[in-house]
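Enquirer: Below is a structure I'd like to ask you about.
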Amino acid sequence: MTKKVEKGYPGQYFEDFLKEQGEFEDTTERAVKRVLAYQLSEEMKKQGISKVEMARRLRTSRSQLSRVLDPQNDRVSIGVLVRAADIVGRKLRLELT
């Protein structure tokens, strides 16, 4: 006999598992940072903006920009991400749900 599964959304049960383990918030934060770093890198490539040029536009060092674009580094301020998004013509939108 097969078990009837309630309709939900993909990943619903994984989210429940992460919450039970106390890892949901940390995992979500890391995932968001990775997506933002990826999107910024892709926009830079698409527009032909080098790291040196992007760092100049952000008025920061290339090493600081590397930290912003590093998907593993989750110690980047929202302000820097907003400025970086603006430079590549995008907007960073945050919302509470």
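Identifiers in the structure tokens: chain A, B, ... in order shown; residue index from 1 per chain; ligand index from 1 in order shown.
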Mind checking which residues fall within 9 Å of Leu40 in chain A, counting only C-alpha atoms, ignoring those fewer than 4 positions away in the same chain, and posting them as JSON, numbers by chain?

Expert: {"A": [35, 36, 44, 45, 69, 81, 84, 85, 88, 90]}

Enquirer: So that I can see what lies close to Ala55 in chain A, please list as a list of chain:residue names the residues with an atom at most 10 Å from it, counting only C-alpha atoms and leaving out residues fewer than 4 positions away in the same chain.

Expert: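 My list of contacting residues is A:Ile49, A:Ser50, A:Lys51, A:Arg59, A:Thr60, A:Ser61, A:Arg62, A:Ser63, A:Gln64, A:Leu65, A:Ser66, A:Ala84.
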
Enquirer: Name the residues of range 35-66 of chain A that fall into helix (DSSP H, G or I) according to DSSP on the backbone, using the chain letters and numbers of this document, as a list in words.

Expert: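 Those in range 35-66 of chain A that DSSP calls helix (DSSP H, G or I) are Val35, Leu36, Ala37, Tyr38, Gln39, Leu40, Ser41, Glu42, Glu43, Met44, Lys45, Lys46, Gln47, Lys51, Val52, Glu53, Met54, Ala55, Arg56, Arg57, Leu58, Arg62, Ser63, Gln64, Leu65 and Ser66 of chain A.
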
Enquirer: Might you pull out every residue within 9 Å of Arg30 in chain A, with only C-alpha atoms counted and same-chain residues fewer than 2 positions away left off, and present them as a list of chain:residue names?

Expert: A:Glu25, A:Asp26, A:Thr27, A:Thr28, A:Val32, A:Lys33, A:Arg34, A:Val35, A:Pro71, A:Gln72, A:Asn73, A:Asp74

Enquirer: May I have the selected residues written with C-alpha atoms, as an mmCIF file, in the first residue's frame?

Expert:
data_model
loop_
_atom_site.group_PDB
_atom_site.id
_atom_site.type_symbol
_atom_site.label_atom_id
_atom_site.label_comp_id
_atom_site.auth_asym_id
_atom_site.auth_seq_id
_atom_site.Cartn_x
_atom_site.Cartn_y
_atom_site.Cartn_z
ATOM 1 C CA GLU A 25 18.395 29.610 9.418
ATOM 2 C CA ASP A 26 22.110 29.001 8.880
ATOM 3 C CA THR A 27 21.476 26.904 5.794
ATOM 4 C CA THR A 28 19.124 29.494 4.342
ATOM 5 C CA VAL A 32 21.058 33.161 -0.171
ATOM 6 C CA LYS A 33 24.667 34.375 -0.080
ATOM 7 C CA ARG A 34 25.721 31.781 -2.641
ATOM 8 C CA VAL A 35 22.925 32.795 -4.993
ATOM 9 C CA PRO A 71 29.966 31.978 -2.095
ATOM 10 C CA GLN A 72 31.515 30.535 1.076
ATOM 11 C CA ASN A 73 31.964 33.936 2.754
ATOM 12 C CA ASP A 74 28.756 34.846 4.543
#
